[in-house]
Amino acid sequence: MSTHQDMSLVTATSPINVVDQTFPEIEMSGDSSSSSIVRATVVQACTIFYDTPATLDKAERLLAEAADNGSQLVVFPEAFIGGYPRGSSFELAIGGRTAKGRDDFRKYLASAIDVPGPEVERLAEMARKYKVFLVMGVIERDGYTLYCTVLFFDSQGQFLGKHRKLMPTALERCIWGFGDGSTIPVFDTPIGKIGAAICWENRMPSLRTALYAKGIEIYCAPTADARETWVASMTHIALEGGCFVLSANQFCRRKDYPPPPEYTFSGSEESLTPDSVVCAGGSSIISPLGVVLAGPNYEGEALLSADLDLGDIARAKFDFDVVGHYSRPEVFSLNIREHPRKAVSFTSKVTKDETVKK
């Protein structure tokens, strides 16, 4: 299995050669018994905070570079569009908020995107233009509630759907809403069955099992966790699920965020310099047999690529099929409620005349 890792830095203003080249899609028989090869890339790069149009421009440059290197699937980090508010407390305290904290939320809300919406249309056009399957971490705005979301696009530019993070971690719960069972998709595509779990929800055994039961083969794990222990979690998931795991994280320095007092890293601002690393990346690609194919990278912004031999899925399942021959359904069972959970539902009253017309 060949591995390619592009360690070159890509900045918001760096030029990228865009090559209009069509990469052939892979014909699959509906299972992973074939030995097709898929070139995949995880993007390790930072949001341009509070500037969604500029972040979209940067995403396109990175996507163009990945496509130029032959990638058929490109995975971006958690909250790449809209931004991960690392270090910000939004000046929250139990029983209290501040005027600045409320205004911080207003600005963050303005950086989020509607799904569907014009930014989604642009991402779809990028996927079509560069002929790649695209998995993008965004902050989704639904009215005045935000969700940490992953969007999926095929290589024809079709928006396939989304996954909303089920369980935000720690203070994230005060900023983001909670996803539900209606957005835990696995998409059957010509390059394999693709789904995603975001950051620490990858630690939720029931969610992982739901994805395994849907036949996931390329497990995308956008994250904000840059600790070295994260690679161990990704390796475990690859072995447990018999799937490829593609984990993408941002690499950020303090200067990538607005300066104080506009944006403050709570509890650590005084010790930071503009060049201080506040998120060290650690992006990686892991095979179903637990082999690290690319990364982890802790050096800077980068594109990490690897050739995925889909035959490795069958080779790994021979050892361990977590929802197949290694399951015990007579002992354990899992029930997934996939219907959307809405706070308010309206039931229209049907008049006698309408009943007659039907």
# chains A, B, ... in the order shown; residues from 1 in each chain; ligands from 1

call {"tool": "residues_around", "arguments": {"residues": "Cys220 in chain A", "least_positions_apart": "6", "cutoff": "7 Å", "atoms": "only C-alpha atoms", "output": "number ranges by chain"}}
result
A: 195-197, 245-247

call {"tool": "write_last_selection", "arguments": {"atoms": "N, CA and C atoms", "output": "short mmCIF file (atom, residue, chain, number, x, y, z; two decimals), in the first residue's frame"}}
result
data_model
loop_
_atom_site.label_atom_id
_atom_site.label_comp_id
_atom_site.auth_asym_id
_atom_site.auth_seq_id
_atom_site.Cartn_x
_atom_site.Cartn_y
_atom_site.Cartn_z
N GLY A 195 -19.20 7.60 6.15
CA GLY A 195 -19.94 8.26 7.22
C GLY A 195 -18.96 9.01 8.11
N ALA A 196 -19.47 9.58 9.21
CA ALA A 196 -18.60 10.39 10.06
C ALA A 196 -19.10 10.43 11.49
N ALA A 197 -18.17 10.59 12.40
CA ALA A 197 -18.43 10.95 13.80
C ALA A 197 -17.43 12.03 14.16
N VAL A 245 -10.04 4.73 8.78
CA VAL A 245 -10.37 5.89 9.60
C VAL A 245 -9.54 7.08 9.12
N LEU A 246 -10.23 8.16 8.78
CA LEU A 246 -9.60 9.37 8.28
C LEU A 246 -9.90 10.49 9.27
N SER A 247 -8.89 10.89 10.04
CA SER A 247 -9.08 11.91 11.08
C SER A 247 -8.40 13.20 10.67
#

call {"tool": "residues_around", "arguments": {"residues": "range 178-192 of chain A", "least_positions_apart": "2", "cutoff": "9 Å", "atoms": "only C-alpha atoms", "output": "PyMOL selection string"}}
result
chain A and resi 25-28+30-32+36-38+72-73+133+146-149+152+154+160-168+173+176+194-197+207+210-211+214-218+310+336-341

call {"tool": "select_by_dssp", "arguments": {"residues": "range 103-237 of chain A", "states": "alpha helix (DSSP H)", "output": "JSON, numbers by chain"}}
result
{"A": [103, 104, 105, 106, 107, 108, 109, 110, 111, 118, 119, 120, 121, 122, 123, 124, 125, 126, 127, 128, 129, 130, 205, 206, 207, 208, 209, 210, 211, 212, 213, 229, 230, 231, 232, 233, 234, 235, 236, 237]}

call {"tool": "closest_residue", "arguments": {"among": "A:Ile48, A:Leu92, A:Ala124, A:Cys243", "to": "Glu172 in chain A", "atoms": "only C-alpha atoms"}}
result
A:Leu92

call {"tool": "select_by_dssp", "arguments": {"residues": "range 13-163 of chain A", "states": "strand (DSSP E or B)", "output": "ChimeraX atom specification"}}
result
/A:37-44,73-75,81,93,96,113,133-142,145-153,159-163

call {"tool": "write_last_selection", "arguments": {"atoms": "C-alpha atoms", "output": "compact mmCIF listing (two decimals), in the first residue's frame"}}
result
# COMPACT_ATOMS: atom_id res chain seq x y z
CA ILE A 37 -7.59 1.56 -4.56
CA VAL A 38 -8.96 4.95 -3.43
CA ARG A 39 -6.68 7.96 -2.99
CA ALA A 40 -7.83 9.88 0.10
CA THR A 41 -6.60 13.11 1.70
CA VAL A 42 -7.17 14.64 5.13
CA VAL A 43 -6.71 18.40 5.36
CA GLN A 44 -4.86 19.84 8.35
CA LEU A 73 -11.90 11.83 -1.31
CA VAL A 74 -10.99 14.89 0.78
CA VAL A 75 -11.86 15.26 4.48
CA ILE A 81 -16.29 26.52 8.00
CA ALA A 93 -20.59 31.52 34.35
CA GLY A 96 -24.45 34.81 34.61
CA ILE A 113 -23.87 28.75 7.57
CA PHE A 133 -15.99 13.34 -2.77
CA LEU A 134 -15.93 16.02 -0.09
CA VAL A 135 -16.48 15.71 3.67
CA MET A 136 -16.56 19.15 5.32
CA GLY A 137 -16.82 20.22 8.96
CA VAL A 138 -19.05 23.27 9.41
CA ILE A 139 -20.91 25.23 12.03
CA GLU A 140 -24.53 25.01 10.96
CA ARG A 141 -27.01 27.76 11.82
CA ASP A 142 -30.64 26.70 12.31
CA THR A 145 -29.21 27.56 17.38
CA LEU A 146 -25.82 26.34 16.17
CA TYR A 147 -24.79 22.77 15.42
CA CYS A 148 -21.38 21.25 14.84
CA THR A 149 -22.06 19.45 11.56
CA VAL A 150 -20.37 17.44 8.83
CA LEU A 151 -21.56 17.84 5.23
CA PHE A 152 -21.12 15.18 2.52
CA PHE A 153 -20.85 15.80 -1.24
CA PHE A 159 -25.12 17.37 -1.57
CA LEU A 160 -25.67 13.95 -0.04
CA GLY A 161 -26.62 14.95 3.51
CA LYS A 162 -25.25 15.83 6.93
CA HIS A 163 -24.36 14.56 10.38

call {"tool": "atom_distance", "arguments": {"atom1": "CA of Asp312 in chain A", "atom2": "CA of Val292 in chain A"}}
result
13.2 Å

call {"tool": "closest_atom_pairs", "arguments": {"of": "range 37-68 of chain A", "to": "range 101-112 of chain A", "cutoff": "12 Å", "atoms": "only C-alpha atoms", "output": "JSON lines"}}
result
{"residue": "A:Thr47", "atom": "CA", "partner": "A:Ser111", "partner_atom": "CA", "distance": 11.0}
{"residue": "A:Ile48", "atom": "CA", "partner": "A:Ser111", "partner_atom": "CA", "distance": 10.3}
{"residue": "A:Phe49", "atom": "CA", "partner": "A:Ser111", "partner_atom": "CA", "distance": 8.2}
{"residue": "A:Tyr50", "atom": "CA", "partner": "A:Ser111", "partner_atom": "CA", "distance": 5.6}
{"residue": "A:Asp51", "atom": "CA", "partner": "A:Ser111", "partner_atom": "CA", "distance": 6.6}
{"residue": "A:Thr52", "atom": "CA", "partner": "A:Ser111", "partner_atom": "CA", "distance": 5.7}
{"residue": "A:Pro53", "atom": "CA", "partner": "A:Ser111", "partner_atom": "CA", "distance": 9.1}
{"residue": "A:Ala54", "atom": "CA", "partner": "A:Ser111", "partner_atom": "CA", "distance": 11.0}
{"residue": "A:Thr55", "atom": "CA", "partner": "A:Ser111", "partner_atom": "CA", "distance": 10.1}
{"residue": "A:Leu56", "atom": "CA", "partner": "A:Ser111", "partner_atom": "CA", "distance": 11.4}

call {"tool": "write_last_selection", "arguments": {"atoms": "N, CA, C and O atoms", "output": "PDB file, in the first residue's frame"}}
result
ATOM      1  N   THR A  47      -9.077  27.469  10.113  1.00  0.00           N
ATOM      2  CA  THR A  47     -10.100  28.417   9.699  1.00  0.00           C
ATOM      3  C   THR A  47      -9.543  29.845   9.690  1.00  0.00           C
ATOM      4  O   THR A  47      -8.658  30.179  10.475  1.00  0.00           O
ATOM      5  N   ILE A  48     -10.071  30.686   8.812  1.00  0.00           N
ATOM      6  CA  ILE A  48      -9.842  32.128   8.921  1.00  0.00           C
ATOM      7  C   ILE A  48     -11.003  32.668   9.751  1.00  0.00           C
ATOM      8  O   ILE A  48     -12.120  32.842   9.266  1.00  0.00           O
ATOM      9  N   PHE A  49     -10.735  32.872  11.033  1.00  0.00           N
ATOM     10  CA  PHE A  49     -11.817  33.061  12.005  1.00  0.00           C
ATOM     11  C   PHE A  49     -12.602  34.340  11.741  1.00  0.00           C
ATOM     12  O   PHE A  49     -12.039  35.384  11.387  1.00  0.00           O
ATOM     13  N   TYR A  50     -13.925  34.235  11.897  1.00  0.00           N
ATOM     14  CA  TYR A  50     -14.871  35.330  11.666  1.00  0.00           C
ATOM     15  C   TYR A  50     -14.899  35.786  10.202  1.00  0.00           C
ATOM     16  O   TYR A  50     -15.420  36.863   9.905  1.00  0.00           O
ATOM     17  N   ASP A  51     -14.356  34.990   9.286  1.00  0.00           N
ATOM     18  CA  ASP A  51     -14.374  35.364   7.870  1.00  0.00           C
ATOM     19  C   ASP A  51     -14.713  34.126   7.043  1.00  0.00           C
ATOM     20  O   ASP A  51     -13.825  33.473   6.484  1.00  0.00           O
ATOM     21  N   THR A  52     -15.990  33.823   6.949  1.00  0.00           N
ATOM     22  CA  THR A  52     -16.423  32.624   6.249  1.00  0.00           C
ATOM     23  C   THR A  52     -16.128  32.682   4.751  1.00  0.00           C
ATOM     24  O   THR A  52     -15.684  31.679   4.172  1.00  0.00           O
ATOM     25  N   PRO A  53     -16.342  33.810   4.053  1.00  0.00           N
ATOM     26  CA  PRO A  53     -15.979  33.840   2.624  1.00  0.00           C
ATOM     27  C   PRO A  53     -14.506  33.538   2.382  1.00  0.00           C
ATOM     28  O   PRO A  53     -14.160  32.790   1.451  1.00  0.00           O
ATOM     29  N   ALA A  54     -13.610  34.098   3.211  1.00  0.00           N
ATOM     30  CA  ALA A  54     -12.185  33.823   3.041  1.00  0.00           C
ATOM     31  C   ALA A  54     -11.865  32.366   3.362  1.00  0.00           C
ATOM     32  O   ALA A  54     -10.993  31.756   2.726  1.00  0.00           O
ATOM     33  N   THR A  55     -12.556  31.784   4.340  1.00  0.00           N
ATOM     34  CA  THR A  55     -12.339  30.375   4.666  1.00  0.00           C
ATOM     35  C   THR A  55     -12.777  29.491   3.511  1.00  0.00           C
ATOM     36  O   THR A  55     -12.118  28.484   3.193  1.00  0.00           O
ATOM     37  N   LEU A  56     -13.884  29.822   2.859  1.00  0.00           N
ATOM     38  CA  LEU A  56     -14.315  29.063   1.685  1.00  0.00           C
ATOM     39  C   LEU A  56     -13.288  29.161   0.564  1.00  0.00           C
ATOM     40  O   LEU A  56     -13.007  28.168  -0.125  1.00  0.00           O
TER      41      LEU A  56
END

call {"tool": "atom_distance", "arguments": {"atom1": "CA of Ser88 in chain A", "atom2": "CA of Leu62 in chain A"}}
result
26.8 Å

call {"tool": "residues_around", "arguments": {"residues": "His236 in chain A", "least_positions_apart": "5", "cutoff": "9 Å", "atoms": "only C-alpha atoms", "output": "list in words"}}
result
Val231, Gly241 and Gly290 of chain A

call {"tool": "closest_residue", "arguments": {"among": "A:Ala343, A:Val115, A:Leu289, A:Cys174", "to": "Ala314 in chain A", "atoms": "only C-alpha atoms"}}
result
A:Leu289

call {"tool": "closest_atom_pairs", "arguments": {"of": "range 64-178 of chain A", "to": "range 221-227 of chain A", "cutoff": "7 Å", "atoms": "only C-alpha atoms", "output": "Markdown table"}}
result
| residue | atom | partner | partner_atom | distance |
| --- | --- | --- | --- | --- |
| A:Phe76 | CA | A:Pro222 | CA | 6.7 |
| A:Pro77 | CA | A:Pro222 | CA | 4.6 |
| A:Glu78 | CA | A:Pro222 | CA | 4.6 |
| A:Gly137 | CA | A:Pro222 | CA | 6.8 |

call {"tool": "residues_around", "arguments": {"residues": "Ala213 in chain A", "least_positions_apart": "6", "cutoff": "9 Å", "atoms": "only C-alpha atoms", "output": "list in words"}}
result
Val322, Val323 and Gly324 of chain A

call {"tool": "residues_around", "arguments": {"residues": "range 275-280 of chain A", "least_positions_apart": "4", "cutoff": "12 Å", "atoms": "only C-alpha atoms", "output": "NGL selection string"}}
result
:A and (44-47 or 77 or 84-88 or 223-228 or 230 or 248-257 or 265 or 268-271 or 296-302)
